[in-house]
>>> print(open('protein_3.txt').read())   # compact mmCIF, C-alpha atoms
# COMPACT_ATOMS: atom_id res chain seq x y z
CA MET A 1 110.52 97.85 117.59
CA SER A 2 107.90 97.21 114.97
CA GLN A 3 109.78 94.34 113.39
CA SER A 4 109.78 92.22 116.52
CA TYR A 5 106.03 91.79 116.80
CA ASP A 6 103.29 91.34 114.26
CA ARG A 7 100.28 93.31 115.35
CA GLY A 8 98.07 92.00 112.58
CA THR A 9 95.60 94.49 111.22
CA VAL A 10 96.74 97.24 113.55
CA GLU A 11 99.94 98.20 111.77
CA ASP A 12 98.90 97.82 108.18
CA PHE A 13 99.65 99.96 105.18
CA GLY A 14 96.33 101.82 105.51
CA ARG A 15 97.98 104.25 107.88
CA TRP A 16 98.83 106.56 104.98
CA ARG A 17 95.39 108.09 105.37
CA SER A 18 96.41 109.62 108.67
CA PHE A 19 99.71 111.03 107.40
CA THR A 20 100.24 114.69 108.22
CA ALA A 21 101.64 117.40 105.97
CA GLY A 22 105.19 116.94 107.23
CA MET A 23 105.10 113.25 106.41
CA TRP A 24 103.75 113.84 102.91
CA ALA A 25 106.42 116.46 102.33
CA TRP A 26 109.09 113.96 103.36
CA LEU A 27 107.63 111.22 101.16
CA PHE A 28 107.32 113.49 98.11
CA HIS A 29 110.82 114.81 98.65
CA LYS A 30 112.23 111.28 98.75
CA PHE A 31 110.25 110.26 95.67
CA THR A 32 111.14 113.32 93.61
CA GLY A 33 114.76 112.95 94.66
CA TRP A 34 114.93 109.40 93.34
CA VAL A 35 113.17 110.40 90.11
CA LEU A 36 115.70 113.18 89.57
CA ILE A 37 118.60 110.78 90.15
CA GLY A 38 117.05 108.40 87.61
CA TYR A 39 116.63 111.25 85.15
CA LEU A 40 120.23 112.27 85.63
CA PHE A 41 121.39 108.95 84.19
CA THR A 42 119.07 109.09 81.16
CA HIS A 43 120.11 112.72 80.67
CA ILE A 44 123.78 111.74 80.56
CA ALA A 45 122.99 108.81 78.26
CA VAL A 46 121.19 111.04 75.76
CA LEU A 47 123.88 113.74 75.82
CA SER A 48 126.55 111.06 75.38
CA THR A 49 125.31 110.32 71.87
CA ALA A 50 127.17 113.50 70.88
CA ILE A 51 130.39 111.52 71.29
CA THR A 52 129.61 109.56 68.15
CA GLY A 53 128.97 112.68 66.13
CA GLU A 54 126.70 115.62 65.47
CA ALA A 55 124.20 113.67 63.36
CA ALA A 56 123.71 110.91 65.90
CA TYR A 57 122.98 113.47 68.63
CA ASN A 58 120.51 115.38 66.46
CA ASN A 59 118.78 112.17 65.42
CA THR A 60 118.41 111.06 69.03
CA ILE A 61 117.02 114.37 70.21
CA VAL A 62 114.62 114.81 67.29
CA GLY A 63 113.53 111.19 67.55
CA LEU A 64 112.81 111.45 71.25
CA GLU A 65 111.03 114.78 71.01
CA SER A 66 108.71 113.47 68.31
CA LEU A 67 107.29 110.92 70.75
CA ALA A 68 104.17 112.04 72.66
CA ILE A 69 105.15 109.98 75.69
CA VAL A 70 108.48 111.79 75.98
CA ARG A 71 106.69 115.16 75.91
CA LEU A 72 104.37 114.02 78.68
CA LEU A 73 107.28 112.67 80.72
CA GLU A 74 108.95 116.07 80.37
CA VAL A 75 105.91 117.72 81.95
CA GLY A 76 106.20 115.22 84.80
CA LEU A 77 109.91 115.88 85.10
CA LEU A 78 109.29 119.59 85.41
CA ALA A 79 106.70 118.99 88.14
CA VAL A 80 109.10 116.74 90.02
CA ALA A 81 111.98 119.17 89.73
CA VAL A 82 109.94 122.21 90.74
CA PHE A 83 108.53 120.47 93.79
CA HIS A 84 111.97 119.24 94.81
CA ILE A 85 113.39 122.75 94.52
CA LEU A 86 110.56 124.41 96.45
CA ASN A 87 110.46 121.80 99.19
CA GLY A 88 114.24 121.93 99.33
CA VAL A 89 114.03 125.64 100.08
CA ARG A 90 111.43 124.84 102.72
CA LEU A 91 113.79 122.28 104.28
CA LEU A 92 116.62 124.82 104.23
CA PHE A 93 114.50 127.18 106.30
CA ILE A 94 113.61 124.33 108.65
CA ASP A 95 117.31 123.56 109.07
CA LEU A 96 117.93 127.19 109.88
CA GLY A 97 115.15 127.09 112.46
CA LYS A 98 113.12 129.75 110.66
CA GLY A 99 109.37 129.46 110.29
CA LEU A 100 108.95 125.97 111.73
CA GLU A 101 105.46 126.93 112.84
CA ALA A 102 104.54 127.48 109.17
CA GLN A 103 105.95 124.17 107.93
CA GLU A 104 102.52 122.84 106.90
CA GLU A 105 101.56 126.01 105.06
CA SER A 106 104.90 126.12 103.26
CA PHE A 107 104.40 122.53 102.11
CA TYR A 108 100.95 123.33 100.76
CA ALA A 109 102.36 126.44 99.09
CA SER A 110 105.04 124.29 97.42
CA LEU A 111 102.33 122.01 96.09
CA VAL A 112 100.21 124.84 94.75
CA ILE A 113 103.11 126.61 93.06
CA THR A 114 104.29 123.31 91.58
CA GLY A 115 100.81 122.68 90.18
CA ALA A 116 100.57 126.18 88.72
CA ILE A 117 103.97 126.04 87.02
CA THR A 118 103.30 122.55 85.68
CA ILE A 119 99.94 123.50 84.18
CA ALA A 120 101.42 126.66 82.68
CA SER A 121 104.18 124.60 81.05
CA VAL A 122 101.87 122.11 79.36
CA PRO A 123 101.29 124.15 76.11
CA THR A 124 105.04 124.65 75.64
CA PHE A 125 105.94 121.01 76.17
CA VAL A 126 103.24 119.30 74.12
CA SER A 127 103.00 121.74 71.18
CA GLY A 128 103.50 120.14 67.80
CA VAL A 129 103.29 116.53 68.84
CA PHE A 130 99.60 115.90 69.39
CA MET B 1 55.00 87.27 89.04
CA SER B 2 53.62 88.97 92.09
CA THR B 3 51.00 90.86 90.14
CA GLN B 4 49.60 87.55 88.87
CA THR B 5 49.20 85.98 92.30
CA GLU B 6 47.91 89.01 94.17
CA PRO B 7 44.23 89.03 93.20
CA PRO B 8 43.48 85.42 94.34
CA GLU B 9 45.25 86.08 97.67
CA GLN B 10 42.98 89.04 98.40
CA THR B 11 39.89 86.93 97.87
CA ASP B 12 41.34 84.26 100.18
CA ASP B 13 41.73 86.81 102.93
CA GLU B 14 38.13 87.92 102.60
CA THR B 15 36.76 84.38 102.73
CA GLU B 16 38.93 83.50 105.73
CA SER B 17 38.08 86.62 107.67
CA THR B 18 34.36 86.06 107.54
CA PRO B 19 34.33 82.73 109.46
CA GLU B 20 36.79 84.15 112.00
CA ALA B 21 34.56 87.06 112.78
CA GLU B 22 31.74 84.77 113.85
CA PRO B 23 33.12 83.47 117.21
CA GLU B 24 34.15 86.97 118.27
CA PRO B 25 30.94 88.29 119.73
CA GLU B 26 31.17 86.00 122.80
CA PRO B 27 29.66 87.21 126.01
CA ARG B 28 32.59 89.23 127.44
CA SER B 29 32.35 92.29 129.58
CA PRO B 30 34.02 95.46 128.28
CA GLY B 31 36.17 95.57 131.40
CA GLN B 32 37.38 92.02 130.82
CA ARG B 33 38.29 92.90 127.27
CA ARG B 34 40.20 96.01 128.35
CA ARG B 35 42.10 94.00 131.00
CA ASP B 36 43.05 91.38 128.40
CA GLU B 37 44.26 94.05 126.00
CA LYS B 38 46.24 95.75 128.75
CA ALA B 39 47.93 92.48 129.72
CA ALA B 40 48.76 91.82 126.08
CA ARG B 41 50.24 95.31 125.70
CA ALA B 42 52.34 94.88 128.88
CA ALA B 43 53.62 91.52 127.68
CA GLU B 44 54.53 93.12 124.35
CA ARG B 45 56.38 95.93 126.10
CA ASP B 46 58.32 93.48 128.30
CA ARG B 47 59.28 91.42 125.30
CA GLU B 48 60.49 94.49 123.39
CA ALA B 49 62.47 95.74 126.36
CA ALA B 50 64.15 92.38 126.78
CA GLU B 51 65.12 92.28 123.12
CA ALA B 52 66.37 95.85 122.81
CA GLU B 53 69.78 96.93 124.11
CA PRO B 54 69.92 98.87 127.35
CA ASP B 55 69.04 102.54 126.94
CA LEU B 56 72.35 104.44 126.84
CA GLY B 57 70.97 107.79 125.78
CA ASP B 58 70.88 109.34 122.34
CA ASP B 59 74.58 110.10 122.10
CA ALA B 60 76.13 106.82 123.18
CA ILE B 61 79.57 106.28 121.73
CA THR B 62 81.05 103.14 120.24
CA LEU B 63 84.38 102.24 121.72
CA LYS B 64 86.51 99.88 119.65
CA VAL B 65 89.39 98.60 121.71
CA PHE B 66 92.39 96.56 120.64
CA ARG B 67 92.55 93.32 122.63
CA TYR B 68 95.44 90.92 122.89
CA ASP B 69 96.58 88.65 125.68
CA PRO B 70 99.44 86.24 124.98
CA GLU B 71 98.81 84.33 128.22
CA VAL B 72 95.20 83.34 127.59
CA GLU B 73 94.44 80.80 124.91
CA GLY B 74 91.93 82.17 122.44
CA LYS B 75 93.04 85.75 123.06
CA THR B 76 96.48 85.45 121.51
CA GLU B 77 95.17 86.63 118.15
CA PRO B 78 94.89 90.45 118.12
CA ARG B 79 91.28 91.56 117.74
CA PHE B 80 88.96 94.49 118.39
CA ASP B 81 86.23 94.51 121.02
CA THR B 82 83.31 96.91 120.74
CA PHE B 83 81.72 98.60 123.75
CA GLN B 84 78.70 100.90 123.83
CA ILE B 85 79.38 103.66 126.32
CA PRO B 86 76.83 106.29 127.42
CA PHE B 87 78.25 109.73 126.70
CA THR B 88 78.52 112.19 129.52
CA LYS B 89 79.55 115.81 129.16
CA GLY B 90 83.31 116.24 129.44
CA MET B 91 84.00 112.56 128.92
CA THR B 92 87.55 111.73 127.93
CA VAL B 93 88.67 108.62 126.11
CA LEU B 94 90.20 107.41 129.36
CA ASP B 95 86.82 107.87 131.10
CA ALA B 96 85.22 105.78 128.37
CA LEU B 97 87.83 103.07 128.80
CA ILE B 98 87.34 103.04 132.56
CA GLU B 99 83.58 102.82 132.02
CA ALA B 100 84.04 99.89 129.65
CA ARG B 101 86.33 98.11 132.06
CA ASP B 102 84.14 98.68 135.12
CA THR B 103 80.84 97.91 133.38
CA TYR B 104 81.57 95.23 130.82
CA ASP B 105 84.97 93.60 130.98
CA SER B 106 87.24 93.77 134.00
CA SER B 107 90.05 92.12 132.04
CA LEU B 108 90.44 95.19 129.78
CA THR B 109 93.95 96.36 130.54
CA PHE B 110 95.43 99.84 130.17
CA ARG B 111 97.73 102.15 132.11
CA HIS B 112 96.43 105.25 133.82
CA SER B 113 97.22 107.16 136.93
CA CYS B 114 96.74 110.90 137.39
CA ARG B 115 94.05 111.40 134.72
CA GLN B 116 95.22 114.96 134.10
CA ALA B 117 98.01 114.70 131.52
CA VAL B 118 100.80 114.85 134.05
CA CYS B 119 101.92 111.28 134.64
CA GLY B 120 102.16 110.33 130.97
CA SER B 121 101.06 106.75 131.43
CA ASP B 122 98.04 106.64 129.11
CA ALA B 123 99.47 107.54 125.73
CA LEU B 124 97.31 105.59 123.28
CA PHE B 125 96.68 105.38 119.57
CA ILE B 126 93.24 106.98 119.37
CA ASN B 127 91.50 107.32 116.00
CA GLY B 128 94.73 106.99 114.11
CA ARG B 129 96.87 109.31 116.18
CA GLN B 130 98.99 109.19 119.32
CA ARG B 131 97.16 111.01 122.09
CA LEU B 132 96.80 110.95 125.85
CA GLY B 133 93.56 109.18 126.77
CA CYS B 134 92.95 111.52 129.70
CA GLN B 135 93.54 114.65 127.62
CA THR B 136 91.39 113.68 124.64
CA GLN B 137 87.76 114.74 124.86
CA VAL B 138 85.43 112.29 123.14
CA ALA B 139 83.44 115.28 121.89
CA ASP B 140 86.55 116.62 120.13
CA LEU B 141 87.04 113.49 118.04
CA ASP B 142 84.15 114.39 115.69
CA SER B 143 83.21 110.75 115.42
CA ASP B 144 80.92 108.58 117.52
CA VAL B 145 83.27 105.68 116.97
CA VAL B 146 86.38 105.84 119.12
CA ARG B 147 89.09 103.42 118.06
CA VAL B 148 91.70 102.81 120.73
CA GLU B 149 94.90 100.90 120.06
CA PRO B 150 98.20 100.53 121.87
CA LEU B 151 101.05 102.79 120.76
CA PRO B 152 102.38 101.63 117.39
CA HIS B 153 105.99 100.51 117.01
CA GLN B 154 106.16 99.19 120.54
CA ASP B 155 105.68 95.63 121.73
CA VAL B 156 102.25 94.95 123.15
CA VAL B 157 102.29 93.32 126.56
CA LYS B 158 98.52 93.03 126.89
CA ASP B 159 95.58 94.91 125.39
CA LEU B 160 96.61 98.59 125.46
CA VAL B 161 99.75 98.14 127.51
CA VAL B 162 103.02 98.42 125.59
CA ASP B 163 106.56 97.64 126.61
CA MET B 164 108.23 101.00 127.38
CA GLU B 165 111.62 99.51 128.21
CA HIS B 166 113.31 100.59 124.98
CA PHE B 167 111.90 104.10 125.34
CA TYR B 168 113.26 104.38 128.89
CA ASP B 169 116.63 103.00 127.74
CA GLN B 170 116.88 105.77 125.15
CA MET B 171 115.89 108.38 127.71
CA GLU B 172 118.55 107.12 130.13
CA ALA B 173 121.16 107.12 127.35
CA VAL B 174 121.21 110.92 127.23
CA GLU B 175 121.79 111.24 130.98
CA PRO B 176 118.53 112.99 131.77
CA TYR B 177 119.62 114.68 134.97
CA PHE B 178 121.32 117.91 135.93
CA GLN B 179 125.07 117.52 136.32
CA THR B 180 127.84 120.08 136.43
CA ASP B 181 131.46 120.46 137.43
CA GLU B 182 131.04 124.20 137.87
CA THR B 183 129.55 124.54 141.30
CA PRO B 184 129.60 127.97 142.97
CA ASP B 185 132.27 128.66 145.57
CA GLY B 186 130.09 129.34 148.59
CA GLU B 187 128.53 126.30 150.24
CA LEU B 188 125.00 127.67 150.24
CA GLU B 189 125.30 129.74 147.09
CA GLU B 190 122.57 129.17 144.52
CA GLN B 191 123.05 128.29 140.87
CA PHE B 192 121.24 131.07 139.11
CA GLN B 193 119.75 130.82 135.67
CA THR B 194 118.96 133.85 133.56
CA PRO B 195 115.29 134.34 132.69
CA GLU B 196 116.24 134.28 129.00
CA ASN B 197 117.91 130.89 129.38
CA ARG B 198 114.93 129.60 131.31
CA GLU B 199 112.65 130.70 128.46
CA GLU B 200 114.85 128.86 126.00
CA ILE B 201 114.50 125.51 127.73
CA LYS B 202 111.02 126.07 129.15
CA MET B 203 109.08 123.99 126.66
CA SER B 204 111.58 121.14 126.71
CA THR B 205 111.15 120.73 130.47
CA ARG B 206 107.49 119.84 129.99
CA CYS B 207 108.14 116.29 128.76
CA ILE B 208 106.13 113.71 130.69
CA TRP B 209 107.81 110.63 129.20
CA CYS B 210 104.59 109.34 127.65
CA GLY B 211 106.33 107.99 124.53
CA ALA B 212 103.81 109.39 122.03
CA CYS B 213 106.52 111.11 119.97
CA MET B 214 108.74 108.03 119.85
CA SER B 215 105.75 105.97 118.70
CA SER B 216 104.86 108.44 115.95
CA CYS B 217 108.40 108.70 114.60
CA ASN B 218 108.98 106.82 111.37
CA ILE B 219 112.73 106.77 111.80
CA ALA B 220 112.60 105.50 115.37
CA ALA B 221 110.23 102.76 114.23
CA ASP B 222 112.71 101.57 111.67
CA ASP B 223 115.90 101.99 113.65
CA ASN B 224 116.11 101.04 117.30
CA ALA B 225 119.48 102.68 117.65
CA TYR B 226 118.03 106.15 116.99
CA LEU B 227 117.65 108.08 120.22
CA GLY B 228 114.22 109.34 119.29
CA PRO B 229 112.54 112.72 119.75
CA ALA B 230 111.90 112.46 123.49
CA ALA B 231 115.49 111.59 124.37
CA ILE B 232 116.89 114.31 122.11
CA ASN B 233 114.49 116.81 123.66
CA LYS B 234 115.73 115.74 127.08
CA ALA B 235 119.30 116.20 125.91
CA TYR B 236 118.33 119.66 124.61
CA ARG B 237 116.86 120.55 127.97
CA PHE B 238 120.24 120.02 129.70
CA ALA B 239 122.63 120.91 126.88
CA MET B 240 121.01 124.33 126.56
CA ASP B 241 120.97 124.89 130.31
CA GLU B 242 123.76 127.38 130.90
CA ARG B 243 124.22 126.32 134.53
CA GLU B 244 125.82 123.04 133.53
CA GLY B 245 128.84 124.82 132.06
CA GLU B 246 130.94 124.42 128.93
CA ASN B 247 132.58 121.09 129.76
CA MET B 248 129.30 119.39 130.40
CA LYS B 249 127.75 120.85 127.25
CA GLU B 250 130.64 119.42 125.25
CA HIS B 251 130.05 116.04 126.87
CA ARG B 252 126.35 116.19 126.02
CA MET B 253 127.01 117.26 122.44
CA GLU B 254 129.25 114.23 122.02
CA LEU B 255 126.32 112.05 122.95
CA ILE B 256 123.75 113.64 120.67
CA GLU B 257 125.83 114.41 117.57
CA GLN B 258 126.43 110.71 116.97
CA GLU B 259 125.13 109.00 113.86
CA ASN B 260 122.08 107.79 115.76
CA GLY B 261 121.60 111.07 117.55
CA VAL B 262 120.20 114.24 116.00
CA TRP B 263 121.26 113.39 112.45
CA ARG B 264 118.72 110.58 112.10
CA CYS B 265 115.88 113.14 112.28
CA GLN B 266 114.39 113.83 108.85
CA THR B 267 111.98 116.57 109.93
CA GLN B 268 108.72 114.76 109.29
CA PHE B 269 107.17 116.74 112.17
CA SER B 270 105.26 113.67 113.40
CA CYS B 271 106.57 114.05 116.96
CA THR B 272 105.74 117.75 117.09
CA ASN B 273 102.24 117.03 115.83
CA VAL B 274 101.41 114.42 118.45
CA CYS B 275 103.16 115.80 121.53
CA PRO B 276 100.43 116.21 124.19
CA LYS B 277 102.46 118.92 125.94
CA ASP B 278 103.00 120.91 122.70
CA ILE B 279 106.77 120.68 122.89
CA PRO B 280 108.31 121.90 119.59
CA LEU B 281 110.40 118.75 119.31
CA THR B 282 111.52 119.23 115.70
CA GLU B 283 112.63 122.75 116.50
CA HIS B 284 114.73 121.50 119.40
CA ILE B 285 116.28 118.74 117.31
CA GLN B 286 117.09 121.22 114.54
CA GLU B 287 118.68 123.59 117.04
CA LEU B 288 120.86 120.77 118.35
CA LYS B 289 121.88 119.97 114.77
CA ARG B 290 123.02 123.57 114.36
CA GLU B 291 124.86 123.38 117.68
CA ALA B 292 126.56 120.18 116.55
CA VAL B 293 127.67 121.80 113.28
CA LYS B 294 128.89 124.89 115.10
CA SER B 295 130.93 122.89 117.58
CA ASN B 296 132.59 120.85 114.84
CA LEU B 297 133.14 123.38 112.05
CA LYS B 298 136.40 125.24 112.41
CA PHE B 299 137.41 127.76 109.74
CA TRP B 300 140.69 128.73 111.36
>>> encode(input="protein_3.txt", output="structure tokens")
Amino acid sequence: MSQSYDRGTVEDFGRWRSFTAGMWAWLFHKFTGWVLIGYLFTHIAVLSTAITGEAAYNNTIVGLESLAIVRLLEVGLLAVAVFHILNGVRLLFIDLGKGLEAQEESFYASLVITGAITIASVPTFVSGVF
Amino acid sequence: MSTQTEPPEQTDDETESTPEAEPEPEPRSPGQRRRDEKAARAAERDREAAEAEPDLGDDAITLKVFRYDPEVEGKTEPRFDTFQIPFTKGMTVLDALIEARDTYDSSLTFRHSCRQAVCGSDALFINGRQRLGCQTQVADLDSDVVRVEPLPHQDVVKDLVVDMEHFYDQMEAVEPYFQTDETPDGELEEQFQTPENREEIKMSTRCIWCGACMSSCNIAADDNAYLGPAAINKAYRFAMDEREGENMKEHRMELIEQENGVWRCQTQFSCTNVCPKDIPLTEHIQELKREAVKSNLKFW
């Protein structure tokens, strides 16, 4: 429908301001899902260094963990994973038809819990590198 | 710079004002002078009134309306027209549109009929959301600027009128009428429905075919093959109706469990949020998904 007619300024990208909670939940879920898939490949790549021997694996891990950027990315990865898990549980309940009237609140709850866990994890992840 | 030039200017004023004052004391009666002043004041008032906009009251609203007319040269480029509408208590967006059309521009085009949220013909995109014009109080919009656009993701025919053909096609695709092969034996016997079953489908019967949900749905916007929330809700209304019988339910499930049926829904809740009749569309779609799984999963 939308592709057949250009409505100029009416259907522009600025619509994101009027997105509702359900739409944001869907967007974040998509985004975090793709990030986790991307991480899966890097995860396998790093673990695969063990094929070439114990020392190579240890060197890779120690080398990566000594980088500040990797520590920060790990905090981000935790946030992404936690949100994906929590919102996934929310979607499971939606699929079961339970608590659909609380779908907005459950999304906000997922966000808050994700934020809390992420902040709590920061000391553990960044200790010793900064 | 200004501080340097100011003192000489002041002296200029004083020197100029003294010769002007001299011709003033001409022999004029006080009454004549008052009449002259009165005429001058009246002229001033007339001039101000002519310049100012018409008095619309303190709480006039600004109506910004999407305009587009492919048949008139110079109107083929989509644009927004602004109307100042005097606010009256209980005014709906549709009232404001009618006021704008009747007062300012008779070419302003929009659909409306019953004006009481029953006919479903005035679903519009009002302040960034699909709403019924007749059901939306201007006072509830917490903004003096009311922005009215045609429903997104549908072709605009003219101004606020969109092409509903695709929407109606999708509605027809789910066979939106009662049909059964299980009629009672007696000729005049009624087809009873249990109160519980009536409760189950009650909300889904409220659809007024306004198309707000279809317009709000991201998936339907991207994929024309998707049935859309309204059609699936209509399918729910009949599939869950026990009077149609098992055979007919199976037939209906075949229609809605297709790839472009219920499984396209990604539970963004947009349709449920905008539905003017408060139909829990996502809930109905999810229930049909469960029905589809149940009818296809066999563990024995």
>>> residues_around(input="protein_3.txt", residues="A:Glu74", least_positions_apart="3", cutoff="12 Å", atoms="only C-alpha atoms", output="ChimeraX atom specification")
/A:36,39,43,64-65,67-71,77-81,118,121-126
>>> atom_distance(input="protein_3.txt", atom1="atom CA of B:Asp140", atom2="atom CA of B:Ala96")
13.7 Å
>>> closest_residue(input="protein_3.txt", among="A:Gly99, A:Gly128, A:Gly88, A:Gly115", to="A:Lys30", atoms="all atoms listed in the file")
A:Gly88
>>> interface_residues(input="protein_3.txt", of="chain B", to="chain A", cutoff="10 Å", atoms="all atoms listed in the file", output="mmCIF file with C-alpha atoms, in the coordinates of the input")
data_model
loop_
_atom_site.group_PDB
_atom_site.id
_atom_site.type_symbol
_atom_site.label_atom_id
_atom_site.label_comp_id
_atom_site.auth_asym_id
_atom_site.auth_seq_id
_atom_site.Cartn_x
_atom_site.Cartn_y
_atom_site.Cartn_z
ATOM 1 C CA PHE B 66 92.390 96.560 120.640
ATOM 2 C CA TYR B 68 95.440 90.920 122.890
ATOM 3 C CA GLU B 77 95.170 86.630 118.150
ATOM 4 C CA PRO B 78 94.890 90.450 118.120
ATOM 5 C CA ARG B 79 91.280 91.560 117.740
ATOM 6 C CA PHE B 80 88.960 94.490 118.390
ATOM 7 C CA ASN B 127 91.500 107.320 116.000
ATOM 8 C CA GLY B 128 94.730 106.990 114.110
ATOM 9 C CA ARG B 129 96.870 109.310 116.180
ATOM 10 C CA GLU B 149 94.900 100.900 120.060
ATOM 11 C CA PRO B 150 98.200 100.530 121.870
ATOM 12 C CA PRO B 152 102.380 101.630 117.390
ATOM 13 C CA HIS B 153 105.990 100.510 117.010
ATOM 14 C CA GLN B 154 106.160 99.190 120.540
ATOM 15 C CA ASP B 155 105.680 95.630 121.730
ATOM 16 C CA VAL B 156 102.250 94.950 123.150
ATOM 17 C CA ASP B 163 106.560 97.640 126.610
ATOM 18 C CA HIS B 166 113.310 100.590 124.980
ATOM 19 C CA SER B 215 105.750 105.970 118.700
ATOM 20 C CA CYS B 217 108.400 108.700 114.600
ATOM 21 C CA ASN B 218 108.980 106.820 111.370
ATOM 22 C CA ALA B 220 112.600 105.500 115.370
ATOM 23 C CA ALA B 221 110.230 102.760 114.230
ATOM 24 C CA ASP B 222 112.710 101.570 111.670
ATOM 25 C CA ASP B 223 115.900 101.990 113.650
ATOM 26 C CA ASN B 224 116.110 101.040 117.300
ATOM 27 C CA GLN B 266 114.390 113.830 108.850
ATOM 28 C CA THR B 267 111.980 116.570 109.930
ATOM 29 C CA GLN B 268 108.720 114.760 109.290
ATOM 30 C CA PHE B 269 107.170 116.740 112.170
ATOM 31 C CA SER B 270 105.260 113.670 113.400
ATOM 32 C CA THR B 272 105.740 117.750 117.090
ATOM 33 C CA ASN B 273 102.240 117.030 115.830
ATOM 34 C CA PRO B 280 108.310 121.900 119.590
ATOM 35 C CA THR B 282 111.520 119.230 115.700
ATOM 36 C CA GLU B 283 112.630 122.750 116.500
ATOM 37 C CA HIS B 284 114.730 121.500 119.400
ATOM 38 C CA ILE B 285 116.280 118.740 117.310
ATOM 39 C CA GLN B 286 117.090 121.220 114.540
ATOM 40 C CA GLU B 287 118.680 123.590 117.040
ATOM 41 C CA LYS B 289 121.880 119.970 114.770
ATOM 42 C CA ARG B 290 123.020 123.570 114.360
#
>>> residues_around(input="protein_3.txt", residues="B:Trp209", least_positions_apart="5", cutoff="10 Å", atoms="all atoms listed in the file", output="ChimeraX atom specification")
/B:118-121,123,164,167-168,171,214,230-231,234
>>> write_last_selection(input="protein_3.txt", atoms="C-alpha atoms", output="PDB file, keeping the file's coordinate frame")
ATOM      1  CA  VAL B 118     100.800 114.850 134.050  1.00  0.00           C
ATOM      2  CA  CYS B 119     101.920 111.280 134.640  1.00  0.00           C
ATOM      3  CA  GLY B 120     102.160 110.330 130.970  1.00  0.00           C
ATOM      4  CA  SER B 121     101.060 106.750 131.430  1.00  0.00           C
ATOM      5  CA  ALA B 123      99.470 107.540 125.730  1.00  0.00           C
ATOM      6  CA  MET B 164     108.230 101.000 127.380  1.00  0.00           C
ATOM      7  CA  PHE B 167     111.900 104.100 125.340  1.00  0.00           C
ATOM      8  CA  TYR B 168     113.260 104.380 128.890  1.00  0.00           C
ATOM      9  CA  MET B 171     115.890 108.380 127.710  1.00  0.00           C
ATOM     10  CA  MET B 214     108.740 108.030 119.850  1.00  0.00           C
ATOM     11  CA  ALA B 230     111.900 112.460 123.490  1.00  0.00           C
ATOM     12  CA  ALA B 231     115.490 111.590 124.370  1.00  0.00           C
ATOM     13  CA  LYS B 234     115.730 115.740 127.080  1.00  0.00           C
TER      14      LYS B 234
END
>>> closest_residue(input="protein_3.txt", among="B:Glu259, B:Leu281, B:Asp185, B:Arg131", to="B:Ser204", atoms="all atoms listed in the file")
B:Leu281
>>> axis_aligned_box(input="protein_3.txt", around="stretch 67-80 of chain A", padding_each_side="6 Å", output="AutoDock Vina command-line options")
--center_x 107.0 --center_y 114.8 --center_z 80.4 --size_x 17.7 --size_y 21.6 --size_z 31.3
>>> residues_around(input="protein_3.txt", residues="A:His84", least_positions_apart="5", cutoff="8 Å", atoms="all atoms listed in the file", output="list in words")
His29, Thr32 and Gly33 of chain A
>>> atom_distance(input="protein_3.txt", atom1="atom CA of B:Pro276", atom2="atom CA of B:Phe83")
25.7 Å
>>> residues_around(input="protein_3.txt", residues="B:Ile98", least_positions_apart="3", cutoff="12 Å", atoms="only C-alpha atoms", output="VMD selection string")
chain B and resid 63 65 83 85 91 to 95 101 to 113 115 122 133 to 134
>>> closest_residue(input="protein_3.txt", among="B:Arg33, B:Arg206, B:Lys38, B:Lys294", to="B:Met253", atoms="all atoms listed in the file")
B:Lys294
>>> atom_distance(input="protein_3.txt", atom1="atom CA of B:Tyr177", atom2="atom CA of B:Leu124")
26.8 Å
>>> residues_around(input="protein_3.txt", residues="B:Ala292", least_positions_apart="6", cutoff="9 Å", atoms="all atoms listed in the file", output="NGL selection string")
:B and (253-254 or 256-257 or 262)
>>> write_last_selection(input="protein_3.txt", atoms="C-alpha atoms", output="CSV table (one decimal), in the frame of the given file")
chain,number,residue,atom,x,y,z
B,253,MET,CA,127.0,117.3,122.4
B,254,GLU,CA,129.2,114.2,122.0
B,256,ILE,CA,123.8,113.6,120.7
B,257,GLU,CA,125.8,114.4,117.6
B,262,VAL,CA,120.2,114.2,116.0
>>> decode(input="protein_3.txt", residues="stretch 283-294 of chain B", atoms="C-alpha atoms", output="mmCIF file, in the first residue's frame")
data_model
loop_
_atom_site.group_PDB
_atom_site.id
_atom_site.type_symbol
_atom_site.label_atom_id
_atom_site.label_comp_id
_atom_site.auth_asym_id
_atom_site.auth_seq_id
_atom_site.Cartn_x
_atom_site.Cartn_y
_atom_site.Cartn_z
ATOM 1 C CA GLU B 283 -5.787 -10.898 21.757
ATOM 2 C CA HIS B 284 -8.109 -12.261 19.084
ATOM 3 C CA ILE B 285 -5.254 -12.829 16.649
ATOM 4 C CA GLN B 286 -3.250 -14.616 19.350
ATOM 5 C CA GLU B 287 -6.221 -16.808 20.195
ATOM 6 C CA LEU B 288 -6.579 -17.774 16.539
ATOM 7 C CA LYS B 289 -2.868 -18.625 16.460
ATOM 8 C CA ARG B 290 -3.421 -20.997 19.374
ATOM 9 C CA GLU B 291 -6.458 -22.472 17.628
ATOM 10 C CA ALA B 292 -4.382 -22.975 14.482
ATOM 11 C CA VAL B 293 -1.646 -24.756 16.449
ATOM 12 C CA LYS B 294 -4.189 -26.900 18.261
#
